[in-house]
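What follows is the content of upload32.txt, which has compact mmCIF, C-alpha atoms:
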# COMPACT_ATOMS: atom_id res chain seq x y z
CA MET V 23 36.19 -31.74 43.81
CA ALA V 24 33.22 -32.95 41.81
CA GLY V 25 31.89 -29.61 40.69
CA SER V 26 31.80 -25.87 41.21
CA VAL V 27 29.73 -22.91 40.15
CA VAL V 28 31.64 -19.65 39.70
CA LEU V 29 29.99 -16.24 39.61
CA VAL V 30 31.54 -14.67 36.52
CA SER V 31 30.95 -10.98 35.90
CA GLY V 32 33.58 -10.77 33.19
CA GLY V 33 35.90 -8.68 35.37
CA MET V 34 39.43 -9.46 36.43
CA ASP V 35 38.59 -10.86 39.87
CA SER V 36 35.96 -13.30 38.67
CA ALA V 37 38.34 -14.42 35.92
CA VAL V 38 40.98 -15.28 38.52
CA CYS V 39 38.31 -17.10 40.54
CA LEU V 40 37.41 -19.11 37.48
CA GLY V 41 41.11 -19.93 37.02
CA ILE V 42 41.33 -21.13 40.64
CA ALA V 43 38.13 -23.20 40.45
CA ALA V 44 39.15 -24.73 37.11
CA LYS V 45 42.20 -26.37 38.70
CA ASP V 46 40.15 -28.63 40.96
CA SER V 47 36.67 -28.99 39.47
CA GLU V 48 35.58 -31.85 37.28
CA ARG V 49 32.39 -30.01 36.42
CA LEU V 50 32.66 -26.24 36.06
CA VAL V 51 29.65 -23.96 35.65
CA ALA V 52 30.02 -20.21 35.08
CA LEU V 53 27.00 -18.17 36.17
CA SER V 54 26.44 -14.60 34.94
CA PHE V 55 23.56 -12.17 35.21
CA ASP V 56 22.04 -9.73 32.79
CA TYR V 57 20.46 -7.35 35.29
CA GLY V 58 20.13 -4.17 33.33
CA GLN V 59 23.79 -3.21 33.26
CA ARG V 60 24.34 -0.26 30.96
CA HIS V 61 26.47 -2.24 28.57
CA LYS V 62 26.92 -5.86 27.57
CA LYS V 63 30.73 -5.85 27.34
CA GLU V 64 30.95 -7.50 30.75
CA LEU V 65 28.71 -10.35 29.61
CA GLU V 66 30.69 -10.78 26.37
CA ALA V 67 33.83 -11.03 28.50
CA ALA V 68 32.13 -13.57 30.80
CA SER V 69 31.21 -15.67 27.79
CA LEU V 70 34.77 -15.59 26.40
CA LEU V 71 36.17 -16.56 29.80
CA ALA V 72 33.72 -19.46 30.17
CA SER V 73 34.72 -20.73 26.72
CA HIS V 74 38.41 -20.39 27.56
CA TYR V 75 37.92 -22.60 30.63
CA LYS V 76 35.51 -24.98 28.84
CA ALA V 77 32.87 -24.19 31.48
CA GLU V 78 29.15 -24.50 30.97
CA HIS V 79 27.92 -20.88 30.88
CA ILE V 80 24.50 -19.83 32.19
CA VAL V 81 23.38 -16.22 31.82
CA LEU V 82 20.25 -15.34 33.79
CA ASN V 83 18.16 -12.35 32.87
CA LEU V 84 17.25 -10.63 36.16
CA PRO V 85 14.72 -7.84 35.93
CA GLY V 86 14.53 -6.96 39.64
CA PHE V 87 17.21 -4.36 40.08
CA SER V 88 16.08 -2.24 37.17
CA VAL V 89 12.46 -2.48 38.36
CA TRP V 90 13.40 -0.73 41.59
CA LYS V 91 16.00 1.44 39.84
CA ALA V 92 18.78 0.66 42.18
CA SER V 93 21.93 2.42 41.08
CA ALA V 94 24.13 4.01 38.47
CA LEU V 95 24.92 0.56 37.08
CA THR V 96 21.31 -0.04 36.09
CA ASP V 97 19.55 3.34 36.08
CA PRO V 98 20.22 5.28 32.88
CA CYS V 99 19.32 8.53 34.72
CA VAL V 100 22.32 8.29 37.09
CA SER V 101 25.76 8.98 35.64
CA VAL V 102 28.81 6.88 36.55
CA PRO V 103 31.26 9.09 38.47
CA ASP V 104 35.00 9.26 37.89
CA PHE V 105 37.24 7.96 40.66
CA GLU V 106 37.45 11.41 42.31
CA GLY V 107 33.66 11.59 42.38
CA VAL V 108 33.26 8.48 44.54
CA ARG V 109 32.60 9.34 48.20
CA ARG V 110 34.99 7.21 50.26
CA GLY V 111 33.55 5.45 53.30
CA GLN V 112 30.05 5.48 51.82
CA ALA V 113 28.34 3.22 49.38
CA PRO V 114 29.32 4.28 45.87
CA VAL V 115 26.50 5.35 43.59
CA THR V 116 27.32 2.16 41.68
CA TYR V 117 26.06 0.08 44.65
CA VAL V 118 23.18 -2.25 43.75
CA PRO V 119 21.21 -3.16 46.90
CA ALA V 120 21.80 -6.75 48.00
CA ARG V 121 23.29 -7.69 44.65
CA ASN V 122 25.69 -10.31 45.99
CA THR V 123 22.94 -11.78 48.19
CA VAL V 124 20.79 -12.26 45.09
CA PHE V 125 23.66 -13.60 42.98
CA LEU V 126 24.77 -16.06 45.66
CA SER V 127 21.18 -17.23 46.18
CA PHE V 128 20.90 -18.22 42.54
CA ALA V 129 24.32 -19.89 42.69
CA LEU V 130 23.08 -21.84 45.71
CA SER V 131 19.95 -22.98 43.88
CA LEU V 132 22.00 -24.06 40.88
CA ALA V 133 24.59 -25.81 43.07
CA GLU V 134 21.89 -27.79 44.85
CA ALA V 135 20.06 -28.64 41.62
CA TYR V 136 23.31 -29.84 39.95
CA ASP V 137 24.70 -31.41 43.16
CA LEU V 138 27.86 -29.29 43.05
CA ASP V 139 30.25 -28.90 45.98
CA ALA V 140 31.26 -25.27 45.92
CA ILE V 141 30.29 -21.74 44.95
CA PHE V 142 33.14 -19.38 44.01
CA ILE V 143 32.75 -15.62 44.26
CA GLY V 144 35.48 -13.09 43.50
CA VAL V 145 34.79 -10.47 46.18
CA ASN V 146 37.93 -8.87 47.55
CA ALA V 147 39.35 -6.54 50.16
CA LEU V 148 39.37 -3.48 47.94
CA ASP V 149 35.66 -3.68 47.30
CA TYR V 150 35.31 -4.21 51.04
CA SER V 151 35.78 -0.51 51.73
CA GLY V 152 32.76 0.40 49.68
CA TYR V 153 30.23 -2.42 49.59
CA ALA V 154 28.59 -4.08 52.59
CA ASP V 155 28.11 -7.33 50.69
CA CYS V 156 31.80 -7.75 49.87
CA ARG V 157 32.96 -7.90 53.51
CA PRO V 158 34.37 -11.05 55.12
CA LEU V 159 31.53 -10.87 57.66
CA PHE V 160 28.96 -11.04 54.87
CA ILE V 161 30.62 -14.12 53.38
CA GLU V 162 30.76 -15.79 56.82
CA ARG V 163 27.08 -15.15 57.43
CA PHE V 164 26.12 -16.38 53.99
CA GLN V 165 27.95 -19.65 54.67
CA THR V 166 26.03 -20.13 57.94
CA LEU V 167 22.83 -19.58 55.95
CA VAL V 168 23.89 -22.05 53.26
CA ASP V 169 24.59 -24.63 55.98
CA VAL V 170 20.85 -24.82 56.75
CA ALA V 171 19.21 -23.60 53.53
CA THR V 172 19.34 -26.71 51.38
CA GLN V 173 17.48 -29.98 51.43
CA ARG V 174 20.81 -31.71 50.96
CA THR V 175 22.11 -30.66 54.40
CA ALA V 176 18.66 -31.06 56.01
CA GLU V 177 18.91 -34.71 54.92
CA GLY V 178 22.44 -35.16 56.31
CA GLY V 179 24.51 -34.39 53.21
CA MET V 180 27.60 -32.23 52.97
CA PRO V 181 26.96 -28.49 52.91
CA ILE V 182 27.87 -26.51 49.82
CA LEU V 183 31.04 -24.51 50.45
CA LEU V 184 31.21 -20.82 49.71
CA GLU V 185 34.70 -20.04 48.42
CA ALA V 186 35.90 -16.45 48.28
CA PRO V 187 39.60 -17.01 47.61
CA LEU V 188 40.35 -13.35 46.88
CA LEU V 189 38.56 -11.98 49.92
CA ARG V 190 41.64 -10.60 51.63
CA SER V 191 43.79 -10.03 48.55
CA SER V 192 44.91 -6.70 47.16
CA LYS V 193 44.40 -6.00 43.47
CA ALA V 194 48.16 -6.45 42.98
CA GLN V 195 48.04 -9.90 44.61
CA ILE V 196 45.09 -10.81 42.39
CA VAL V 197 46.99 -9.73 39.27
CA ARG V 198 50.04 -11.75 40.31
CA LEU V 199 47.98 -14.84 41.14
CA GLY V 200 46.14 -14.55 37.84
CA ALA V 201 49.41 -14.26 35.95
CA GLU V 202 50.77 -17.38 37.68
CA LEU V 203 47.60 -19.29 36.77
CA GLY V 204 47.71 -18.09 33.18
CA VAL V 205 44.38 -16.26 33.41
CA PRO V 206 43.63 -14.58 30.07
CA PHE V 207 43.32 -10.98 31.33
CA GLU V 208 42.96 -9.82 27.72
CA LEU V 209 39.48 -11.41 27.71
CA THR V 210 38.26 -9.57 30.84
CA TRP V 211 36.38 -6.28 31.13
CA SER V 212 36.34 -4.07 34.23
CA CYS V 213 35.30 -0.59 33.04
CA TYR V 214 31.89 0.62 34.26
CA ARG V 215 31.47 2.42 30.96
CA GLY V 216 30.96 0.25 27.92
CA GLU V 217 32.99 1.96 25.22
CA GLU V 218 35.38 0.37 22.80
CA ARG V 219 38.31 0.68 25.17
CA PRO V 220 38.39 1.07 28.99
CA CYS V 221 37.83 4.71 30.01
CA GLY V 222 40.70 4.64 32.51
CA ALA V 223 38.86 7.11 34.74
CA CYS V 224 36.04 5.25 36.54
CA ASP V 225 36.50 3.64 39.93
CA SER V 226 36.90 0.19 38.47
CA CYS V 227 39.49 1.23 35.86
CA VAL V 228 41.56 3.15 38.42
CA LEU V 229 41.65 0.19 40.86
CA ARG V 230 42.58 -2.19 38.05
CA ALA V 231 45.37 0.06 36.79
CA LYS V 232 46.79 0.37 40.30
CA GLY V 233 46.68 -3.43 40.66
CA PHE V 234 48.72 -4.01 37.51
CA LYS V 235 51.14 -1.20 38.39
CA ASP V 236 51.73 -2.50 41.93
CA ALA V 237 52.21 -6.02 40.57
CA GLY V 238 54.77 -4.71 38.08
CA LEU V 239 52.81 -6.14 35.16
CA VAL V 240 51.24 -4.69 32.05
CA ASP V 241 47.48 -4.86 31.55
CA PRO V 242 46.99 -6.38 28.09
CA LEU V 243 43.81 -4.30 27.70
CA MET V 244 45.81 -1.09 27.99
CA VAL V 245 48.41 -1.92 25.36
CA ALA V 246 47.88 0.28 22.32
CA PRO V 247 46.26 -1.80 19.56
CA MET H 6 5.97 1.10 60.63
CA ALA H 7 6.96 3.06 57.55
CA GLY H 8 6.84 0.27 55.02
CA SER H 9 6.88 -3.44 54.35
CA VAL H 10 7.41 -5.80 51.47
CA VAL H 11 5.37 -9.01 51.58
CA LEU H 12 6.19 -12.10 49.55
CA VAL H 13 2.82 -12.97 48.01
CA SER H 14 2.46 -16.30 46.22
CA GLY H 15 -1.30 -16.05 46.04
CA GLY H 16 -1.79 -18.86 48.57
CA MET H 17 -3.60 -18.72 51.88
CA ASP H 18 -0.54 -18.19 54.07
CA SER H 19 0.84 -15.28 52.11
CA ALA H 20 -2.65 -13.73 52.06
CA VAL H 21 -2.77 -13.83 55.86
CA CYS H 22 0.74 -12.35 55.97
CA LEU H 23 -0.43 -9.53 53.73
CA GLY H 24 -3.37 -8.96 56.07
CA ILE H 25 -1.01 -8.78 59.07
CA ALA H 26 1.43 -6.43 57.34
CA ALA H 27 -1.39 -4.21 56.06
CA LYS H 28 -2.40 -3.33 59.62
CA ASP H 29 0.84 -1.54 60.44
CA SER H 30 2.44 -0.49 57.17
CA GLU H 31 2.08 2.95 55.64
CA ARG H 32 3.69 1.71 52.46
CA LEU H 33 2.88 -1.84 51.40
CA VAL H 34 4.59 -3.64 48.53
CA ALA H 35 3.54 -7.12 47.41
CA LEU H 36 6.30 -9.06 45.64
CA SER H 37 5.54 -12.11 43.49
CA PHE H 38 7.60 -14.23 41.15
CA ASP H 39 6.88 -15.81 37.82
CA TYR H 40 9.46 -18.59 37.91
CA GLY H 41 8.05 -21.08 35.48
CA GLN H 42 5.20 -22.38 37.64
CA ARG H 43 2.97 -24.66 35.63
CA HIS H 44 0.00 -22.36 35.88
CA LYS H 45 -0.64 -18.67 36.40
CA LYS H 46 -3.60 -18.97 38.78
CA GLU H 47 -1.31 -18.30 41.75
CA LEU H 48 -0.13 -15.07 40.17
CA GLU H 49 -3.68 -14.00 39.34
CA ALA H 50 -4.58 -14.61 42.99
CA ALA H 51 -1.55 -12.60 44.11
CA SER H 52 -2.65 -9.71 41.93
CA LEU H 53 -6.21 -9.78 43.31
CA LEU H 54 -4.89 -9.87 46.88
CA ALA H 55 -2.54 -6.94 46.25
CA SER H 56 -5.45 -4.92 44.82
CA HIS H 57 -7.63 -5.82 47.78
CA TYR H 58 -5.00 -4.45 50.17
CA LYS H 59 -4.15 -1.47 47.92
CA ALA H 60 -0.55 -2.66 47.82
CA GLU H 61 1.90 -1.86 45.05
CA HIS H 62 2.39 -5.18 43.23
CA ILE H 63 5.67 -6.18 41.61
CA VAL H 64 5.89 -9.44 39.68
CA LEU H 65 9.41 -10.49 38.75
CA ASN H 66 10.06 -12.91 35.95
CA LEU H 67 12.74 -15.33 37.20
CA PRO H 68 14.19 -17.70 34.65
CA GLY H 69 16.71 -19.47 36.89
CA PHE H 70 14.74 -22.37 38.33
CA SER H 71 13.44 -23.53 34.99
CA VAL H 72 16.93 -23.24 33.49
CA TRP H 73 18.19 -25.86 35.91
CA LYS H 74 14.88 -27.74 35.88
CA ALA H 75 14.46 -27.87 39.58
CA SER H 76 11.20 -29.57 40.48
CA ALA H 77 7.69 -30.65 39.70
CA LEU H 78 6.55 -27.06 40.13
CA THR H 79 8.61 -25.88 37.18
CA ASP H 80 9.53 -28.95 35.14
CA PRO H 81 6.73 -30.09 32.85
CA CYS H 82 8.28 -33.58 32.71
CA VAL H 83 7.66 -34.26 36.43
CA SER H 84 4.09 -34.88 37.53
CA VAL H 85 2.64 -33.39 40.72
CA PRO H 86 1.89 -36.25 43.12
CA ASP H 87 -1.28 -36.63 45.16
CA PHE H 88 -0.98 -36.32 48.94
CA GLU H 89 -0.39 -40.06 49.35
CA GLY H 90 2.45 -39.89 46.84
CA VAL H 91 4.49 -37.44 48.90
CA ARG H 92 7.32 -39.10 50.77
CA ARG H 93 7.17 -37.81 54.35
CA GLY H 94 10.44 -36.78 55.98
CA GLN H 95 12.04 -36.10 52.63
CA ALA H 96 11.92 -33.12 50.33
CA PRO H 97 8.75 -33.33 48.27
CA VAL H 98 9.20 -33.49 44.50
CA THR H 99 7.67 -30.02 44.52
CA TYR H 100 10.78 -28.67 46.29
CA VAL H 101 12.56 -25.92 44.34
CA PRO H 102 16.22 -25.66 45.46
CA ALA H 103 16.89 -22.54 47.54
CA ARG H 104 13.64 -20.93 46.44
CA ASN H 105 13.04 -19.00 49.65
CA THR H 106 16.67 -17.88 49.73
CA VAL H 107 16.25 -16.41 46.25
CA PHE H 108 12.85 -14.86 47.03
CA LEU H 109 14.06 -13.29 50.28
CA SER H 110 17.17 -11.95 48.55
CA PHE H 111 15.05 -10.03 46.07
CA ALA H 112 12.80 -8.81 48.88
CA LEU H 113 15.93 -7.58 50.67
CA SER H 114 17.13 -5.71 47.59
CA LEU H 115 13.72 -4.10 47.14
CA ALA H 116 13.43 -3.24 50.85
CA GLU H 117 16.81 -1.53 50.79
CA ALA H 118 16.10 0.30 47.53
CA TYR H 119 12.72 1.57 48.83
CA ASP H 120 13.98 2.10 52.40
CA LEU H 121 11.36 -0.23 53.89
CA ASP H 122 11.51 -1.60 57.44
CA ALA H 123 10.36 -5.17 57.13
CA ILE H 124 10.08 -8.22 54.90
CA PHE H 125 7.10 -10.53 55.53
CA ILE H 126 7.18 -14.17 54.49
CA GLY H 127 4.39 -16.67 55.12
CA VAL H 128 6.41 -19.79 55.87
CA ASN H 129 4.84 -22.01 58.52
CA ALA H 130 5.29 -25.06 60.68
CA LEU H 131 3.46 -27.44 58.38
CA ASP H 132 5.79 -26.71 55.51
CA TYR H 133 8.62 -27.15 58.03
CA SER H 134 8.34 -30.92 57.88
CA GLY H 135 9.12 -30.94 54.20
CA TYR H 136 11.23 -27.96 53.18
CA ALA H 137 14.62 -26.98 54.61
CA ASP H 138 14.05 -23.32 53.78
CA CYS H 139 10.80 -23.07 55.78
CA ARG H 140 12.39 -23.97 59.12
CA PRO H 141 12.75 -21.51 62.01
CA LEU H 142 16.53 -22.05 61.85
CA PHE H 143 16.57 -20.92 58.23
CA ILE H 144 14.67 -17.74 59.08
CA GLU H 145 17.01 -17.01 62.01
CA ARG H 146 20.09 -17.44 59.83
CA PHE H 147 18.63 -15.27 57.09
CA GLN H 148 18.06 -12.49 59.63
CA THR H 149 21.70 -12.67 60.74
CA LEU H 150 22.69 -12.37 57.09
CA VAL H 151 20.36 -9.40 56.54
CA ASP H 152 21.92 -7.70 59.57
CA VAL H 153 25.21 -7.34 57.69
CA ALA H 154 24.15 -7.52 54.03
CA THR H 155 22.93 -3.99 53.39
CA GLN H 156 24.66 -0.66 53.04
CA ARG H 157 22.08 0.77 55.37
CA THR H 158 23.30 -1.24 58.38
CA ALA H 159 26.95 -0.92 57.32
CA GLU H 160 26.42 2.84 57.64
CA GLY H 161 24.78 2.56 61.09
CA GLY H 162 21.10 2.42 60.10
CA MET H 163 18.44 0.07 61.45
CA PRO H 164 18.49 -3.44 60.01
CA ILE H 165 15.58 -4.63 57.93
CA LEU H 166 13.45 -7.04 59.96
CA LEU H 167 12.48 -10.43 58.62
CA GLU H 168 8.94 -11.18 59.83
CA ALA H 169 7.60 -14.73 59.62
CA PRO H 170 4.46 -14.37 61.75
CA LEU H 171 3.05 -17.78 60.79
CA LEU H 172 6.27 -19.69 61.39
CA ARG H 173 4.99 -21.76 64.29
CA SER H 174 1.27 -21.73 63.41
CA SER H 175 -0.79 -24.68 62.33
CA LYS H 176 -2.96 -24.35 59.23
CA ALA H 177 -6.02 -24.15 61.51
CA GLN H 178 -4.49 -21.25 63.43
CA ILE H 179 -3.69 -19.52 60.15
CA VAL H 180 -7.27 -19.94 58.95
CA ARG H 181 -8.64 -18.56 62.23
CA LEU H 182 -6.24 -15.61 62.24
CA GLY H 183 -7.10 -14.85 58.63
CA ALA H 184 -10.81 -14.97 59.40
CA GLU H 185 -10.33 -12.54 62.31
CA LEU H 186 -8.40 -10.17 60.06
CA GLY H 187 -11.01 -10.41 57.31
CA VAL H 188 -8.57 -11.90 54.80
CA PRO H 189 -10.41 -12.58 51.51
CA PHE H 190 -9.72 -16.33 51.26
CA GLU H 191 -11.97 -16.48 48.20
CA LEU H 192 -9.25 -14.62 46.28
CA THR H 193 -6.45 -17.06 47.19
CA TRP H 194 -5.19 -20.11 45.30
CA SER H 195 -3.33 -23.03 46.88
CA CYS H 196 -3.71 -25.95 44.48
CA TYR H 197 -0.52 -27.11 42.76
CA ARG H 198 -2.59 -27.95 39.71
CA GLY H 199 -4.01 -25.01 37.78
CA GLU H 200 -7.47 -26.17 36.80
CA GLU H 201 -10.69 -24.23 37.10
CA ARG H 202 -11.32 -25.41 40.64
CA PRO H 203 -8.87 -26.81 43.25
CA CYS H 204 -8.13 -30.52 42.65
CA GLY H 205 -8.61 -31.39 46.33
CA ALA H 206 -6.01 -34.16 46.06
CA CYS H 207 -2.56 -32.54 45.91
CA ASP H 208 -0.47 -31.92 49.02
CA SER H 209 -1.38 -28.27 49.15
CA CYS H 210 -5.14 -28.86 48.77
CA VAL H 211 -5.17 -31.55 51.46
CA LEU H 212 -3.31 -29.36 53.99
CA ARG H 213 -5.61 -26.43 53.24
CA ALA H 214 -8.76 -28.55 53.65
CA LYS H 215 -7.49 -29.89 56.97
CA GLY H 216 -6.81 -26.32 58.13
CA PHE H 217 -10.35 -25.14 57.41
CA LYS H 218 -11.83 -28.30 58.92
CA ASP H 219 -9.79 -28.04 62.13
CA ALA H 220 -10.67 -24.36 62.40
CA GLY H 221 -14.35 -25.21 62.02
CA LEU H 222 -14.71 -22.89 59.03
CA VAL H 223 -15.75 -23.32 55.44
CA ASP H 224 -13.28 -22.68 52.62
CA PRO H 225 -15.08 -20.25 50.26
CA LEU H 226 -13.19 -21.85 47.35
CA MET H 227 -14.80 -25.22 48.08
CA VAL H 228 -18.37 -24.00 48.16
CA ALA H 229 -20.24 -25.27 45.10
CA PRO H 230 -20.68 -22.39 42.65
Would you mind writing the file out in structure tokens?
Amino acid sequence: MAGSVVLVSGGMDSAVCLGIAAKDSERLVALSFDYGQRHKKELEAASLLASHYKAEHIVLNLPGFSVWKASALTDPCVSVPDFEGVRRGQAPVTYVPARNTVFLSFALSLAEAYDLDAIFIGVNALDYSGYADCRPLFIERFQTLVDVATQRTAEGGMPILLEAPLLRSSKAQIVRLGAELGVPFELTWSCYRGEERPCGACDSCVLRAKGFKDAGLVDPLMVAP
Amino acid sequence: MAGSVVLVSGGMDSAVCLGIAAKDSERLVALSFDYGQRHKKELEAASLLASHYKAEHIVLNLPGFSVWKASALTDPCVSVPDFEGVRRGQAPVTYVPARNTVFLSFALSLAEAYDLDAIFIGVNALDYSGYADCRPLFIERFQTLVDVATQRTAEGGMPILLEAPLLRSSKAQIVRLGAELGVPFELTWSCYRGEERPCGACDSCVLRAKGFKDAGLVDPLMVAP
């Protein structure tokens, strides 16, 4: 594969995606977004991961979401709930409208500009329950859009492939796959709160902890320093 | 219709779109992008148009395209060709990879955040010949993506409608429609070059001039001051 762009948030799933893409890509570009997240620990993690995989790292500053104050992840007036506070079957308060559509659109632009073959995104089945834009159907529809959205395909070239290798994986499967690939989990950051250590209580921390527990592995971030 | 977001570049087509949306929208939001265009005259025109229609105007600063130096519109090292210099049947050098995908993605995020009903985009048949992301097929595929991309539809709500009312119009038809609607063409800006008056020679100027001529109307921008 000549080249891939990987959406890298700095979390565990995007790190495993980067590990998967790194195996087969001659050119590897990590793309991250600074979109008004409450803390920058995610972006620091993304940067460390990109360095680890010797990927070119592009961080785009996106003002949009904070302009229309979209969610608890970007609006300082909304507090991040603990796991118990998340309403199951509804969009969590941490939902950012159309975030993955925006992120994938930029990845598509970059992939066409750099003539890359694939876009990797680490959406998975556990997010599926909460976010519309993490569902398999969303990924399928985005691929059908990509098939006609670029000049490259309009002129007869190969379409850019949207790869979501973790789409139907459980967190435990993702942990195991990452361990097999040697993904440096100690460089990742999942917690929605940006304190010195993961809070262990937010939605993201609870899902991560369950993943490591079910995989029978220890999360290096949770080992006492 | 409760509310619409209109992508407003400041050009003639987006001005007519704004005029169409203004008829039926209680809440009207104009969305523009500062993405490293060579000149700001387009954005000034967008601002004047939004004021004219009493629309809320949001201008987002998008760094992405200039980061990956996408085209003559954003890269100061590529010159804008005259009409004769544009290679027909291929993407013009002014093509910005996946630009409409990115723009529509932000419009979708805004529409969901503000609970609006429709997104208006002024793509049309004349652009169709040159740009992959101005084709009817692209608009159709984007709608099928929108249908599954938001939390609103995932929870049973009405999908946001993508409106491209000029999709199959000629420039002359657009000029006539705009004239009927009282669109203030004197506030618009189409020229790819950002000088005091339109250059009259770039692709965009030539298509605009042909539109006014075929419609049998005078372009207020081309009247001697």
At a cut-off of 8 Å, can you tabulate as CSV every residue of chain H near chain V together with its closest atom pair and the distance in Å to one decimal, using only C-alpha atoms and ordering rows by chain then number?
residue,atom,partner,partner_atom,distance
H:Leu65,CA,V:Gly86,CA,6.3
H:Asn66,CA,V:Pro85,CA,6.9
H:Leu67,CA,V:Leu84,CA,6.6
H:Pro68,CA,V:Leu82,CA,6.6
H:Gly69,CA,V:Leu82,CA,6.3
H:Phe70,CA,V:Ser131,CA,7.6
H:Trp73,CA,V:Leu132,CA,6.5
H:Lys74,CA,V:Ala135,CA,7.8
H:Ala75,CA,V:Ala135,CA,6.0
H:Gln95,CA,V:Glu177,CA,7.4
H:Ala96,CA,V:Gln173,CA,6.5
H:Val101,CA,V:Ser131,CA,8.0
H:Pro102,CA,V:Ser131,CA,4.9
H:Ala103,CA,V:Ser131,CA,4.8
H:Arg104,CA,V:Ser131,CA,7.1
H:Thr106,CA,V:Ser127,CA,5.8
H:Val107,CA,V:Ser127,CA,5.0
H:Ser110,CA,V:Val124,CA,5.0
H:Phe111,CA,V:Val124,CA,6.2
H:Leu113,CA,V:Ala120,CA,6.5
H:Ser114,CA,V:Ala120,CA,4.8
H:Leu115,CA,V:Trp90,CA,6.5
H:Glu117,CA,V:Pro119,CA,6.1
H:Ala118,CA,V:Ala92,CA,6.0
H:Tyr119,CA,V:Trp90,CA,7.6
H:Tyr136,CA,V:Gln173,CA,6.8
H:Ala137,CA,V:Gln173,CA,5.2
H:Asp138,CA,V:Ala171,CA,5.2
H:Leu142,CA,V:Val170,CA,7.2
H:Phe143,CA,V:Val170,CA,6.0
H:Arg146,CA,V:Leu167,CA,5.2
H:Phe147,CA,V:Leu167,CA,6.1
H:Thr149,CA,V:Arg163,CA,6.8
H:Leu150,CA,V:Arg163,CA,5.2
H:Val153,CA,V:Phe160,CA,6.0
H:Ala154,CA,V:Asp155,CA,5.2
H:Thr155,CA,V:Ala154,CA,5.7
H:Gln156,CA,V:Ala154,CA,5.2
H:Ala159,CA,V:Ala154,CA,5.9
H:Glu160,CA,V:Gln112,CA,7.3
Just the residues within 10 Å of range 180-187 of chain H, please, counting all atoms listed in the file, with nothing from its chain fewer than 5 positions along; format it as a PDB file with C-alpha atoms, keeping the file's coordinate frame.
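Written out: selection_14.pdb:
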ATOM      1  CA  MET H  17      -3.600 -18.720  51.880  1.00  0.00           C
ATOM      2  CA  ASP H  18      -0.540 -18.190  54.070  1.00  0.00           C
ATOM      3  CA  ALA H  20      -2.650 -13.730  52.060  1.00  0.00           C
ATOM      4  CA  VAL H  21      -2.770 -13.830  55.860  1.00  0.00           C
ATOM      5  CA  CYS H  22       0.740 -12.350  55.970  1.00  0.00           C
ATOM      6  CA  LEU H  23      -0.430  -9.530  53.730  1.00  0.00           C
ATOM      7  CA  GLY H  24      -3.370  -8.960  56.070  1.00  0.00           C
ATOM      8  CA  ILE H  25      -1.010  -8.780  59.070  1.00  0.00           C
ATOM      9  CA  LYS H  28      -2.400  -3.330  59.620  1.00  0.00           C
ATOM     10  CA  LEU H 171       3.050 -17.780  60.790  1.00  0.00           C
ATOM     11  CA  SER H 174       1.270 -21.730  63.410  1.00  0.00           C
ATOM     12  CA  SER H 175      -0.790 -24.680  62.330  1.00  0.00           C
ATOM     13  CA  ARG H 213      -5.610 -26.430  53.240  1.00  0.00           C
ATOM     14  CA  GLY H 216      -6.810 -26.320  58.130  1.00  0.00           C
ATOM     15  CA  PHE H 217     -10.350 -25.140  57.410  1.00  0.00           C
ATOM     16  CA  LYS H 218     -11.830 -28.300  58.920  1.00  0.00           C
ATOM     17  CA  ASP H 219      -9.790 -28.040  62.130  1.00  0.00           C
ATOM     18  CA  ALA H 220     -10.670 -24.360  62.400  1.00  0.00           C
ATOM     19  CA  GLY H 221     -14.350 -25.210  62.020  1.00  0.00           C
ATOM     20  CA  LEU H 222     -14.710 -22.890  59.030  1.00  0.00           C
ATOM     21  CA  VAL H 223     -15.750 -23.320  55.440  1.00  0.00           C
ATOM     22  CA  ASP H 224     -13.280 -22.680  52.620  1.00  0.00           C
TER      23      ASP H 224
END
Discussion item. Env of Ser212 in chain V: 7 Å cut, atoms = only C-alpha atoms, seq-sep filter 4 positions within chain, self excluded. Answer as a list in words.
Written reply: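 Contacts, in chain order: Gly33, Met34, Ser226 and Cys227 of chain V.
From CA of Glu200 in chain H back to CA of Val34 in chain H, the distance works out to 28.1 Å.
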Item to complete: List every protein, DNA or RNA residue with an atom no more than 12 Å from (33.5, -22.1, 35.1) in the file's coordinates, counting all atoms listed in the file, and format the result as a ChimeraX atom specification.
Response: /V:25-32,36-54,68-80,140-143
Discussion item. Can you tell me which residues surround Pro225 in chain H at a distance of at most 10 Å, considering only C-alpha atoms, apart from same-chain residues fewer than 5 positions away, and format the answer as a list in words?
Written reply: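 What passes the distance filter is Pro189, Phe190, Glu191, Leu192, Thr193, Phe217 and Pro230 of chain H.
Taking CA of Lys232 in chain V as the reference point, CA of Lys63 in chain V is found at 21.6 Å.
Computed from the coordinates, the CA of Arg198 in chain H to CA of His44 in chain H distance equals 7.3 Å.
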Put a box with edges along x, y and z around all the listed atoms of range 162-179 of chain H, pad it by 8 Å on each side, then give me its centre and sizes in Å, one decimal, as JSON.
{"center_x": 7.5, "center_y": -11.1, "center_z": 61.1, "size_x": 43.1, "size_y": 43.1, "size_z": 22.4}
